>>> print(open('target25.csv').read())   # CSV, C-alpha atoms and all ligand atoms
chain,number,residue,atom,x,y,z
A,248,MET,CA,32.1,25.3,17.5
A,249,SER,CA,33.4,21.7,17.6
A,250,LEU,CA,31.1,18.8,17.2
A,251,ALA,CA,31.6,17.8,20.8
A,252,GLU,CA,30.6,21.2,22.0
A,253,ALA,CA,27.5,21.3,19.7
A,254,ILE,CA,26.0,18.1,21.1
A,255,PRO,CA,24.1,18.7,24.3
A,256,GLU,CA,24.6,16.5,27.4
A,257,ILE,CA,22.1,13.7,27.3
A,258,PRO,CA,21.9,11.0,30.0
A,259,ASN,CA,22.8,7.7,28.3
A,260,ILE,CA,21.1,5.3,30.5
A,261,ILE,CA,17.3,5.2,30.4
A,262,VAL,CA,15.8,2.6,32.7
A,263,PRO,CA,12.6,1.3,31.2
A,264,ARG,CA,9.7,1.7,33.6
A,265,THR,CA,8.2,-1.5,32.4
A,266,ALA,CA,10.0,-4.3,34.3
A,267,GLY,CA,7.4,-4.3,37.0
A,268,VAL,CA,4.6,-4.4,34.5
A,269,ILE,CA,6.1,-7.4,32.7
A,270,ALA,CA,6.5,-9.2,36.0
A,271,LEU,CA,2.9,-8.5,37.0
A,272,ASP,CA,1.3,-9.4,33.7
A,273,PRO,CA,2.3,-12.9,32.7
A,274,PRO,CA,0.7,-13.7,29.3
A,275,PRO,CA,-2.5,-15.7,29.3
A,276,ALA,CA,-2.2,-19.2,27.9
A,277,GLY,CA,-4.5,-22.0,26.6
A,278,ALA,CA,-8.2,-21.5,26.9
A,279,GLU,CA,-7.9,-18.0,28.4
A,280,ALA,CA,-5.7,-16.8,25.5
A,281,ALA,CA,-8.2,-18.3,23.0
A,282,ARG,CA,-11.1,-16.6,24.8
A,283,ILE,CA,-9.3,-13.2,24.8
A,284,THR,CA,-8.3,-13.5,21.2
A,285,ALA,CA,-11.8,-14.3,20.0
A,286,ARG,CA,-13.2,-11.3,22.0
A,287,ILE,CA,-10.5,-9.0,20.5
A,288,LYS,CA,-11.4,-10.2,17.0
A,289,ALA,CA,-15.1,-9.6,17.6
A,290,LEU,CA,-14.5,-6.1,19.0
A,291,LEU,CA,-12.3,-5.1,16.1
A,292,ARG,CA,-15.2,-5.8,13.8
A,293,GLU,CA,-17.8,-4.1,16.1
A,294,ARG,CA,-15.7,-1.0,16.5
A,295,ASP,CA,-14.8,-0.6,12.8
A,296,ALA,CA,-11.2,-0.9,14.0
A,297,VAL,CA,-8.0,-2.2,12.3
A,298,LEU,CA,-5.0,-3.6,14.2
A,299,VAL,CA,-1.6,-2.3,13.0
A,300,ALA,CA,1.2,-4.1,14.7
A,301,HIS,CA,5.0,-3.8,14.7
A,302,TYR,CA,7.3,-6.8,14.2
A,303,TYR,CA,8.6,-6.4,17.7
A,304,VAL,CA,5.3,-7.0,19.6
A,305,ASP,CA,4.2,-10.3,21.0
A,306,GLU,CA,3.5,-13.1,18.4
A,307,ALA,CA,-0.1,-13.4,19.6
A,308,LEU,CA,-0.8,-9.8,18.6
A,309,GLN,CA,1.0,-10.2,15.3
A,310,ARG,CA,-1.3,-13.2,14.5
A,311,ILE,CA,-4.5,-11.3,15.4
A,312,ALA,CA,-3.4,-8.4,13.1
A,313,GLU,CA,-2.7,-10.9,10.3
A,314,GLU,CA,-6.0,-12.8,10.8
A,315,THR,CA,-8.2,-9.7,10.9
A,316,GLY,CA,-7.1,-7.8,7.8
A,317,GLY,CA,-4.6,-5.6,9.7
A,318,THR,CA,-0.9,-5.5,9.2
A,319,VAL,CA,2.4,-6.5,10.8
A,320,SER,CA,5.1,-4.2,9.6
A,321,ASP,CA,7.9,-1.6,10.2
A,322,SER,CA,7.0,1.9,11.2
A,323,LEU,CA,7.0,3.3,7.6
A,324,ASP,CA,4.5,0.7,6.4
A,325,MET,CA,2.4,0.9,9.6
A,326,ALA,CA,2.0,4.6,8.9
A,327,ARG,CA,1.1,4.0,5.2
A,328,PHE,CA,-1.3,1.1,6.0
A,329,GLY,CA,-3.2,3.1,8.7
A,330,HIS,CA,-3.5,6.0,6.3
A,331,GLU,CA,-4.9,3.9,3.4
A,332,HIS,CA,-7.2,1.6,5.4
A,333,PRO,CA,-10.8,2.7,5.5
A,334,ALA,CA,-11.4,1.8,9.2
A,335,ARG,CA,-12.5,4.7,11.5
A,336,THR,CA,-10.3,3.5,14.3
A,337,ILE,CA,-6.6,2.5,14.1
A,338,VAL,CA,-5.3,0.4,17.0
A,339,VAL,CA,-1.5,0.7,17.0
A,340,ALA,CA,0.3,-2.2,18.8
A,341,GLY,CA,3.8,-0.7,19.1
A,342,VAL,CA,5.3,2.3,20.9
A,343,ARG,CA,4.0,5.8,21.5
A,344,PHE,CA,5.7,7.5,18.5
A,345,MET,CA,4.0,5.0,16.2
A,346,GLY,CA,0.6,5.9,17.6
A,347,GLU,CA,1.4,9.6,17.2
A,348,THR,CA,2.5,9.0,13.6
A,349,ALA,CA,-0.8,7.4,12.9
A,350,LYS,CA,-2.6,10.4,14.4
A,351,ILE,CA,-0.4,12.8,12.5
A,352,LEU,CA,-1.4,11.3,9.2
A,353,ASN,CA,-5.0,10.6,10.2
A,354,PRO,CA,-6.4,13.5,12.2
A,355,GLU,CA,-9.9,12.5,11.4
A,356,LYS,CA,-9.5,8.9,12.8
A,357,ARG,CA,-9.4,7.7,16.3
A,358,VAL,CA,-6.0,6.2,17.2
A,359,LEU,CA,-5.9,3.8,20.2
A,360,MET,CA,-2.9,2.0,21.8
A,361,PRO,CA,-2.8,-0.9,24.2
A,362,SER,CA,-0.5,1.2,26.4
A,363,LEU,CA,0.2,4.9,26.4
A,364,ASP,CA,3.2,4.2,28.6
A,365,ALA,CA,5.0,2.3,25.8
A,366,GLU,CA,7.8,4.7,25.1
A,367,CYS,CA,11.1,4.4,23.2
A,368,SER,CA,14.5,5.3,24.5
A,369,LEU,CA,15.3,7.2,21.4
A,370,ASP,CA,12.2,9.4,21.8
A,371,LEU,CA,12.9,9.9,25.5
A,372,GLU,CA,16.5,10.9,24.9
A,373,CYS,CA,15.5,13.6,22.4
A,374,PRO,CA,13.1,16.0,24.2
A,375,ALA,CA,11.7,18.8,22.1
A,376,GLU,CA,12.7,21.5,24.7
A,377,ARG,CA,16.4,20.6,24.1
A,378,PHE,CA,16.2,19.6,20.5
A,379,ILE,CA,14.5,22.8,19.2
A,380,PRO,CA,17.2,25.2,20.5
A,381,PHE,CA,19.8,22.9,19.2
A,382,CYS,CA,18.3,23.2,15.7
A,383,ASP,CA,17.8,26.9,16.1
A,384,ALA,CA,21.6,27.2,16.8
A,385,HIS,CA,22.3,25.7,13.3
A,386,PRO,CA,19.9,27.4,10.9
A,387,ASP,CA,22.1,26.5,7.9
A,388,ARG,CA,21.3,22.7,8.4
A,389,THR,CA,18.4,20.6,7.1
A,390,VAL,CA,16.8,18.8,10.1
A,391,VAL,CA,16.3,15.1,9.5
A,392,VAL,CA,14.8,13.1,12.3
A,393,TYR,CA,14.2,9.4,12.7
A,394,SER,CA,10.6,8.4,13.1
A,395,ASN,CA,11.4,7.3,16.7
A,396,THR,CA,10.7,10.8,18.0
A,397,SER,CA,7.8,12.8,19.5
A,398,ALA,CA,5.3,14.7,17.4
A,399,ALA,CA,6.9,18.0,18.8
A,400,VAL,CA,10.4,16.9,17.5
A,401,LYS,CA,8.9,15.9,14.1
A,402,ALA,CA,7.2,19.3,13.9
A,403,ARG,CA,10.7,21.0,14.1
A,404,ALA,CA,12.1,18.7,11.4
A,405,ASP,CA,12.3,19.2,7.6
A,406,TYR,CA,12.2,15.5,7.0
A,407,VAL,CA,11.2,12.4,9.0
A,408,VAL,CA,12.8,9.1,8.0
A,409,THR,CA,12.6,5.5,8.9
A,410,SER,CA,15.6,3.1,8.9
A,411,SER,CA,14.3,1.7,5.6
A,412,ILE,CA,14.7,5.0,3.8
A,413,ALA,CA,17.3,6.9,5.8
A,414,VAL,CA,20.4,6.2,3.6
A,415,LYS,CA,18.5,7.1,0.3
A,416,LEU,CA,17.0,10.3,1.6
A,417,VAL,CA,20.2,11.6,3.2
A,418,ALA,CA,22.1,10.7,0.0
A,419,HIS,CA,19.5,12.7,-1.9
A,420,LEU,CA,20.0,15.7,0.4
A,421,HIS,CA,23.7,15.4,0.3
A,422,ARG,CA,23.7,15.5,-3.6
A,423,GLN,CA,21.8,18.8,-3.3
A,424,GLY,CA,24.7,20.1,-1.1
A,425,LYS,CA,22.6,20.2,2.1
A,426,LYS,CA,24.3,19.9,5.5
A,427,ILE,CA,22.3,17.9,8.0
A,428,ILE,CA,21.2,17.7,11.6
A,429,TRP,CA,20.5,14.1,12.4
A,430,ALA,CA,18.6,12.9,15.5
A,431,PRO,CA,18.3,11.0,17.6
A,432,ASP,CA,20.0,7.6,17.0
A,433,LYS,CA,23.8,8.0,17.0
A,434,HIS,CA,24.5,4.5,15.6
A,435,LEU,CA,22.0,4.8,12.7
A,436,GLY,CA,23.4,8.3,12.1
A,437,ALA,CA,27.0,7.1,11.9
A,438,TYR,CA,25.9,4.3,9.5
A,439,VAL,CA,24.1,6.8,7.3
A,440,GLN,CA,27.0,9.1,7.4
A,441,GLU,CA,29.4,6.3,6.4
A,442,GLN,CA,27.2,5.2,3.5
A,443,THR,CA,26.5,8.7,2.1
A,444,GLY,CA,29.5,10.9,3.1
A,445,ALA,CA,27.0,13.6,4.1
A,446,ASP,CA,27.9,16.4,6.6
A,447,MET,CA,25.9,15.4,9.6
A,448,LEU,CA,25.7,16.9,13.0
A,449,MET,CA,24.6,14.1,15.3
A,450,TRP,CA,22.4,13.8,18.3
A,451,ASN,CA,23.5,11.3,21.0
A,452,GLY,CA,20.6,8.9,21.5
A,453,ALA,CA,20.6,5.1,21.4
A,454,CYS,CA,18.1,2.3,21.4
A,455,VAL,CA,18.2,0.2,24.6
A,456,VAL,CA,17.8,-3.0,22.6
A,457,HIS,CA,20.3,-2.6,19.7
A,458,ASP,CA,22.9,-0.7,21.7
A,459,GLU,CA,23.3,-3.9,23.7
A,460,PHE,CA,24.6,-6.1,20.9
A,461,ARG,CA,28.3,-6.8,21.3
A,462,ALA,CA,30.8,-7.4,18.5
A,463,GLN,CA,33.2,-9.5,20.6
A,464,ALA,CA,30.5,-11.9,21.6
A,465,LEU,CA,29.1,-12.0,18.1
A,466,GLU,CA,32.6,-12.9,16.7
A,467,LEU,CA,32.7,-15.8,19.2
A,468,LEU,CA,29.2,-16.9,18.1
A,469,LYS,CA,30.3,-16.8,14.5
A,470,THR,CA,33.2,-19.2,15.2
A,471,GLN,CA,30.6,-21.7,16.6
A,472,HIS,CA,28.4,-21.2,13.4
A,473,PRO,CA,31.0,-20.5,10.7
A,474,THR,CA,28.5,-20.8,7.8
A,475,ALA,CA,25.8,-18.5,9.3
A,476,ALA,CA,25.0,-15.1,7.8
A,477,VAL,CA,24.8,-12.2,10.2
A,478,LEU,CA,21.8,-9.8,9.9
A,479,VAL,CA,22.0,-6.5,11.7
A,480,HIS,CA,19.7,-3.6,12.3
A,481,PRO,CA,21.6,-0.3,11.8
A,482,GLU,CA,20.6,1.0,15.3
A,483,SER,CA,23.4,-1.4,16.5
A,484,PRO,CA,27.0,-0.2,17.3
A,485,ALA,CA,29.3,0.2,14.3
A,486,ALA,CA,31.5,-2.8,15.4
A,487,VAL,CA,28.5,-5.0,15.2
A,488,ILE,CA,27.4,-3.6,11.8
A,489,ALA,CA,30.9,-4.3,10.5
A,490,LEU,CA,30.4,-8.0,11.0
A,491,ALA,CA,27.1,-8.1,9.1
A,492,ASP,CA,26.3,-9.8,5.8
A,493,ALA,CA,23.1,-7.8,5.6
A,494,VAL,CA,22.3,-4.4,7.2
A,495,GLY,CA,18.8,-3.0,7.1
A,496,SER,CA,15.4,-2.1,8.5
A,497,THR,CA,13.2,-4.8,10.0
A,498,THR,CA,11.4,-5.4,6.6
A,499,GLN,CA,14.8,-5.4,4.8
A,500,LEU,CA,16.2,-8.0,7.3
A,501,ILE,CA,13.2,-10.3,6.8
A,502,GLU,CA,13.7,-10.0,3.1
A,503,ALA,CA,17.4,-10.8,3.6
A,504,ALA,CA,16.5,-13.9,5.7
A,505,ARG,CA,14.4,-15.1,2.8
A,506,THR,CA,16.9,-14.5,0.0
A,507,LEU,CA,20.3,-15.1,1.5
A,508,PRO,CA,21.6,-18.6,0.7
A,509,GLN,CA,22.8,-19.4,4.2
A,510,ARG,CA,20.7,-21.9,6.2
A,511,GLU,CA,21.7,-20.4,9.6
A,512,LEU,CA,21.1,-16.7,10.4
A,513,ILE,CA,22.4,-14.8,13.4
A,514,VAL,CA,20.0,-11.9,13.9
A,515,ALA,CA,20.8,-8.6,15.7
A,516,THR,CA,17.5,-7.0,16.3
A,517,ASP,CA,14.5,-7.5,18.6
A,518,ASN,CA,13.8,-11.2,18.8
A,519,ARG,CA,10.0,-10.9,18.3
A,520,ILE,CA,10.9,-10.4,14.6
A,521,PHE,CA,11.4,-14.2,14.5
A,522,HIS,CA,7.7,-14.7,14.0
A,523,LYS,CA,7.7,-13.1,10.6
A,524,MET,CA,11.2,-14.2,9.8
A,525,ARG,CA,10.3,-17.9,10.3
A,526,ALA,CA,7.4,-17.5,8.0
A,527,ALA,CA,9.6,-15.8,5.3
A,528,ALA,CA,12.4,-18.3,5.6
A,529,PRO,CA,10.9,-21.6,6.6
A,530,GLY,CA,13.5,-24.3,7.3
A,531,LYS,CA,16.3,-21.8,8.2
A,532,THR,CA,17.7,-21.7,11.7
A,533,LEU,CA,17.4,-18.3,13.5
A,534,ILE,CA,19.9,-17.5,16.2
A,535,GLU,CA,19.8,-14.5,18.5
A,536,ALA,CA,22.8,-12.2,18.3
A,537,PRO,CA,24.4,-12.0,21.8
A,538,THR,CA,23.6,-9.0,24.0
A,539,GLY,CA,26.1,-10.3,26.6
A,540,GLY,CA,29.8,-10.0,26.6
A,541,HIS,CA,32.3,-7.3,27.7
A,542,GLY,CA,30.5,-4.0,28.7
A,543,ALA,CA,27.0,-5.3,28.2
A,544,THR,CA,24.4,-4.8,30.8
A,545,CYS,CA,21.5,-6.7,29.1
A,546,ARG,CA,19.0,-4.1,30.0
A,547,SER,CA,16.8,-5.4,27.2
A,548,CYS,CA,18.1,-8.9,26.3
A,549,ALA,CA,17.0,-8.5,22.7
A,550,HIS,CA,13.4,-7.6,23.4
A,551,CYS,CA,12.2,-4.0,23.8
A,552,PRO,CA,10.6,-3.6,27.3
A,553,TRP,CA,8.2,-1.0,25.9
A,554,MET,CA,7.1,-3.2,23.0
A,555,ALA,CA,6.5,-5.9,25.6
A,556,MET,CA,3.7,-3.7,27.2
A,557,ASN,CA,1.5,-4.6,24.2
A,558,SER,CA,-0.1,-7.6,25.9
A,559,LEU,CA,-3.3,-9.5,24.8
A,560,ARG,CA,-5.0,-8.3,28.0
A,561,ALA,CA,-4.0,-4.6,27.3
A,562,LEU,CA,-5.3,-4.9,23.7
A,563,LEU,CA,-8.6,-6.3,24.9
A,564,GLN,CA,-9.0,-3.6,27.5
A,565,VAL,CA,-8.4,-0.8,25.1
A,566,LEU,CA,-11.0,-2.2,22.7
A,567,GLU,CA,-13.5,-2.7,25.5
A,568,THR,CA,-13.1,0.8,27.0
A,569,GLY,CA,-12.0,2.9,24.1
A,570,GLU,CA,-9.6,4.6,26.5
A,571,ARG,CA,-5.9,5.2,25.8
A,572,GLU,CA,-6.5,7.4,22.8
A,573,ILE,CA,-3.6,9.3,21.2
A,574,HIS,CA,-4.1,13.1,21.0
A,575,VAL,CA,-1.7,15.5,19.3
A,576,ASP,CA,-2.0,19.3,19.5
A,577,GLU,CA,-3.3,20.5,16.1
A,578,THR,CA,-0.5,23.0,15.4
A,579,ILE,CA,2.2,20.5,16.2
A,580,ARG,CA,0.4,17.8,14.2
A,581,ALA,CA,0.1,19.9,11.1
A,582,ARG,CA,3.8,20.8,11.1
A,583,ALA,CA,4.8,17.2,11.9
A,584,GLN,CA,2.6,16.0,9.0
A,585,LEU,CA,4.6,18.1,6.5
A,586,ALA,CA,7.9,16.5,7.5
A,587,THR,CA,6.3,13.0,7.6
A,588,GLN,CA,4.5,13.5,4.3
A,589,ARG,CA,7.9,14.5,2.7
A,590,MET,CA,9.2,11.1,3.6
A,591,LEU,CA,6.1,9.3,2.2
A,592,ASP,CA,6.3,11.3,-1.0
A,593,PHE,CA,10.1,10.5,-1.3
A,594,ALA,CA,9.4,6.8,-0.7
A,595,HIS,CA,6.6,6.9,-3.3
A,596,ASP,CA,8.9,8.6,-5.9
A,597,LEU,CA,11.6,6.0,-5.2
A,598,LYS,CA,9.2,3.1,-5.7
A,599,ARG,CA,8.0,4.6,-9.0
A,600,GLU,CA,11.6,5.1,-10.1
A,601,VAL,CA,12.5,1.4,-9.2
A,602,MET,CA,9.4,0.1,-11.0
A,603,GLY,CA,10.2,2.3,-14.0
A,604,HIS,CA,13.6,0.9,-14.2
A,605,GLY,CA,12.2,-2.6,-13.8
A,606,ASP,CA,9.8,-2.0,-16.7
A,607,ALA,CA,12.6,-0.8,-19.0
B,701,LIG,S1,13.4,-1.4,20.1
B,701,LIG,FE1,14.6,0.4,20.5
B,701,LIG,S2,14.1,1.8,18.9
B,701,LIG,FE2,12.5,0.2,19.0
B,701,LIG,S3,10.9,1.1,20.3
B,701,LIG,FE3,12.2,-0.2,21.6
B,701,LIG,S4,13.7,1.3,22.4
B,701,LIG,FE4,12.7,2.3,20.7
>>> encode(input="target25.csv", output="structure tokens")
Amino acid sequence: MSLAEAIPEIPNIIVPRTAGVIALDPPPAGAEAARITARIKALLRERDAVLVAHYYVDEALQRIAEETGGTVSDSLDMARFGHEHPARTIVVAGVRFMGETAKILNPEKRVLMPSLDAECSLDLECPAERFIPFCDAHPDRTVVVYSNTSAAVKARADYVVTSSIAVKLVAHLHRQGKKIIWAPDKHLGAYVQEQTGADMLMWNGACVVHDEFRAQALELLKTQHPTAAVLVHPESPAAVIALADAVGSTTQLIEAARTLPQRELIVATDNRIFHKMRAAAPGKTLIEAPTGGHGATCRSCAHCPWMAMNSLRALLQVLETGEREIHVDETIRARAQLATQRMLDFAHDLKREVMGHGDA
């Protein structure tokens, strides 16, 4: 069977269902924003809850997480933080798979989200009912899925990975002679394959935000900012990655912004990351990578429409009502936990290895 035959037909265009929500829910400002923020902080204390926010959510929510002992991070660290924090309730400001991951790792805790409709195009493009038969048709392959997948897809996987660890984990499996099924992001998969040389059978999903960055327009922008460094998330197309000075997960890009010597940085990922990037690299100029140009539709304009559903009002509502709780079927959860825990164990071993080398 050729690779093309093996990959199932997947609709490439997912139209986010959130445009109307964004239009109907303009963010509160001034005194109203301050009142809602104070109420959210009080409710977090009263409800023994901790706010775990992704870099891509609104700056106001990121600040609340920072100021109340929560965290702002990538999906790997969000999962780790929620697992280790003693609070009985975890409020996940992000998208649905992040809430599910928190529940997978913390079945005894209550996991709430500002919106249960906050999806992810990668998750939507890889439904379990199509993915499971695809895996069953290739029993000789180790199944590695990106964390941007449903609990049911994770339950069919051998390993879950995040973008911060994908290259290292696949390289490790490749050294063991394992052939791989990779899902769902085709761009990240191609990048991992190029970095590791692994034999990877690829699913055909894409992120609506990163898929929109365009190499031609980026080259043009570079001519206007010839000394700028280009920072790219590997969910972007290969031609965009090829122009990068640094490629990495959100946390790795923030670190690159801090350490690279260039004073101007062109950033190809969701623009809400600028809040943390500015703090990490004060005095540097951050420029959004272009989502326009030949072939672009600007369905996202560098901000995830589902992440945008995490509004201040929605966060207040979920804390007031206790509704919008994440539930995961226990059989699926237990299986998904195995694949997720393998990633956490691998990350832990890696960290120990690095620290061990550092000590030597
Ligand atoms: S930015 Fe892309 S990968 Fe992240 S949640 Fe949105 S659609 Fe999914």
>>> residues_around(input="target25.csv", residues="region 508-521 of chain A", least_positions_apart="4", cutoff="6 Å", atoms="all atoms listed in the file", output="count of residues only")
17
>>> residues_near_ligand(input="target25.csv", ligand="ligand LIG 701 (chain B)", cutoff="7 Å", atoms="all atoms listed in the file", output="JSON, numbers by chain")
{"A": [342, 366, 367, 368, 369, 395, 454, 455, 456, 457, 517, 551, 552, 553, 554]}
>>> residues_around(input="target25.csv", residues="Tyr393 (chain A)", least_positions_apart="4", cutoff="10 Å", atoms="only C-alpha atoms", output="list of chain:residue names")
A:Leu369, A:Asp370, A:Ser397, A:Val400, A:Lys401, A:Ala404, A:Tyr406, A:Val407, A:Val408, A:Thr409, A:Ser410, A:Ile412, A:Ala413, A:Trp429, A:Ala430, A:Pro431, A:Asp432, A:Leu435, A:Gly436
>>> closest_residue(input="target25.csv", among="A:Ala334, A:Ala375, A:Ala445, A:Ala561", to="Lys415 (chain A)", atoms="all atoms listed in the file")
A:Ala445
>>> residues_around(input="target25.csv", residues="Lys288 (chain A)", least_positions_apart="6", cutoff="10 Å", atoms="only C-alpha atoms", output="list in words")
Ala296, Val297, Leu298, Ile311, Ala312, Glu314, Thr315, Leu563 and Leu566 of chain A
>>> atom_distance(input="target25.csv", atom1="CA of His595 (chain A)", atom2="CA of Leu323 (chain A)")
11.5 Å
>>> atom_distance(input="target25.csv", atom1="CA of Ile337 (chain A)", atom2="CA of Leu416 (chain A)")
27.8 Å
>>> atom_distance(input="target25.csv", atom1="CA of Val390 (chain A)", atom2="CA of Asn353 (chain A)")
23.3 Å
>>> residues_around(input="target25.csv", residues="Met325 (chain A)", least_positions_apart="6", cutoff="10 Å", atoms="only C-alpha atoms", output="short mmCIF file (atom, residue, chain, number, x, y, z; two decimals) with C-alpha atoms, keeping the file's coordinate frame")
data_model
loop_
_atom_site.label_atom_id
_atom_site.label_comp_id
_atom_site.auth_asym_id
_atom_site.auth_seq_id
_atom_site.Cartn_x
_atom_site.Cartn_y
_atom_site.Cartn_z
CA LEU A 298 -5.00 -3.60 14.20
CA VAL A 299 -1.60 -2.30 13.00
CA ALA A 300 1.20 -4.10 14.70
CA HIS A 301 5.00 -3.80 14.70
CA GLY A 317 -4.60 -5.60 9.70
CA THR A 318 -0.90 -5.50 9.20
CA VAL A 319 2.40 -6.50 10.80
CA VAL A 339 -1.50 0.70 17.00
CA ALA A 340 0.30 -2.20 18.80
CA GLY A 341 3.80 -0.70 19.10
CA MET A 345 4.00 5.00 16.20
CA GLY A 346 0.60 5.90 17.60
CA THR A 348 2.50 9.00 13.60
CA ALA A 349 -0.80 7.40 12.90
#
>>> residues_around(input="target25.csv", residues="Glu441 (chain A)", least_positions_apart="4", cutoff="12 Å", atoms="all atoms listed in the file", output="NGL selection string")
:A and (414 or 417-418 or 434-437 or 445-447 or 481 or 485 or 488-489)
>>> residues_near_point(input="target25.csv", point="(24.0, -11.6, 2.6)", cutoff="7 Å", atoms="all atoms listed in the file", output="number ranges by chain")
A: 476, 492-493, 503, 507
>>> write_last_selection(input="target25.csv", atoms="C-alpha atoms", output="PDB file, keeping the file's coordinate frame")
ATOM      1  CA  ALA A 476      25.000 -15.100   7.800  1.00  0.00           C
ATOM      2  CA  ASP A 492      26.300  -9.800   5.800  1.00  0.00           C
ATOM      3  CA  ALA A 493      23.100  -7.800   5.600  1.00  0.00           C
ATOM      4  CA  ALA A 503      17.400 -10.800   3.600  1.00  0.00           C
ATOM      5  CA  LEU A 507      20.300 -15.100   1.500  1.00  0.00           C
TER       6      LEU A 507
END
>>> closest_residue(input="target25.csv", among="A:Gly495, A:Gly329, A:Pro273, A:Pro374", to="Leu359 (chain A)", atoms="only C-alpha atoms")
A:Gly329
>>> decode(input="target25.csv", residues="region 451-480 of chain A", atoms="C-alpha atoms", output="PDB file, in the first residue's frame")
ATOM      1  CA  ASN A 451      -3.157  14.719   7.339  1.00  0.00           C
ATOM      2  CA  GLY A 452      -4.245  17.314   9.906  1.00  0.00           C
ATOM      3  CA  ALA A 453      -3.191  20.948  10.282  1.00  0.00           C
ATOM      4  CA  CYS A 454      -3.563  23.797  12.748  1.00  0.00           C
ATOM      5  CA  VAL A 455      -5.756  26.628  11.443  1.00  0.00           C
ATOM      6  CA  VAL A 456      -3.363  29.192  12.916  1.00  0.00           C
ATOM      7  CA  HIS A 457       0.078  27.907  11.911  1.00  0.00           C
ATOM      8  CA  ASP A 458      -1.002  26.534   8.536  1.00  0.00           C
ATOM      9  CA  GLU A 459      -1.726  30.141   7.530  1.00  0.00           C
ATOM     10  CA  PHE A 460       1.838  31.461   7.786  1.00  0.00           C
ATOM     11  CA  ARG A 461       3.278  32.083   4.332  1.00  0.00           C
ATOM     12  CA  ALA A 462       6.934  31.806   3.314  1.00  0.00           C
ATOM     13  CA  GLN A 463       6.764  34.280   0.446  1.00  0.00           C
ATOM     14  CA  ALA A 464       5.280  37.024   2.593  1.00  0.00           C
ATOM     15  CA  LEU A 465       7.744  36.190   5.375  1.00  0.00           C
ATOM     16  CA  GLU A 466      10.678  36.584   2.969  1.00  0.00           C
ATOM     17  CA  LEU A 467       9.327  39.985   2.001  1.00  0.00           C
ATOM     18  CA  LEU A 468       9.007  40.979   5.673  1.00  0.00           C
ATOM     19  CA  LYS A 469      12.597  39.840   6.252  1.00  0.00           C
ATOM     20  CA  THR A 470      13.822  42.217   3.567  1.00  0.00           C
ATOM     21  CA  GLN A 471      12.159  45.046   5.546  1.00  0.00           C
ATOM     22  CA  HIS A 472      13.765  43.836   8.810  1.00  0.00           C
ATOM     23  CA  PRO A 473      17.102  42.395   7.621  1.00  0.00           C
ATOM     24  CA  THR A 474      18.568  42.009  11.130  1.00  0.00           C
ATOM     25  CA  ALA A 475      15.519  40.305  12.653  1.00  0.00           C
ATOM     26  CA  ALA A 476      15.582  36.695  13.803  1.00  0.00           C
ATOM     27  CA  VAL A 477      12.680  34.458  12.753  1.00  0.00           C
ATOM     28  CA  LEU A 478      11.038  32.248  15.396  1.00  0.00           C
ATOM     29  CA  VAL A 479       8.739  29.515  14.092  1.00  0.00           C
ATOM     30  CA  HIS A 480       6.477  26.926  15.718  1.00  0.00           C
TER      31      HIS A 480
END
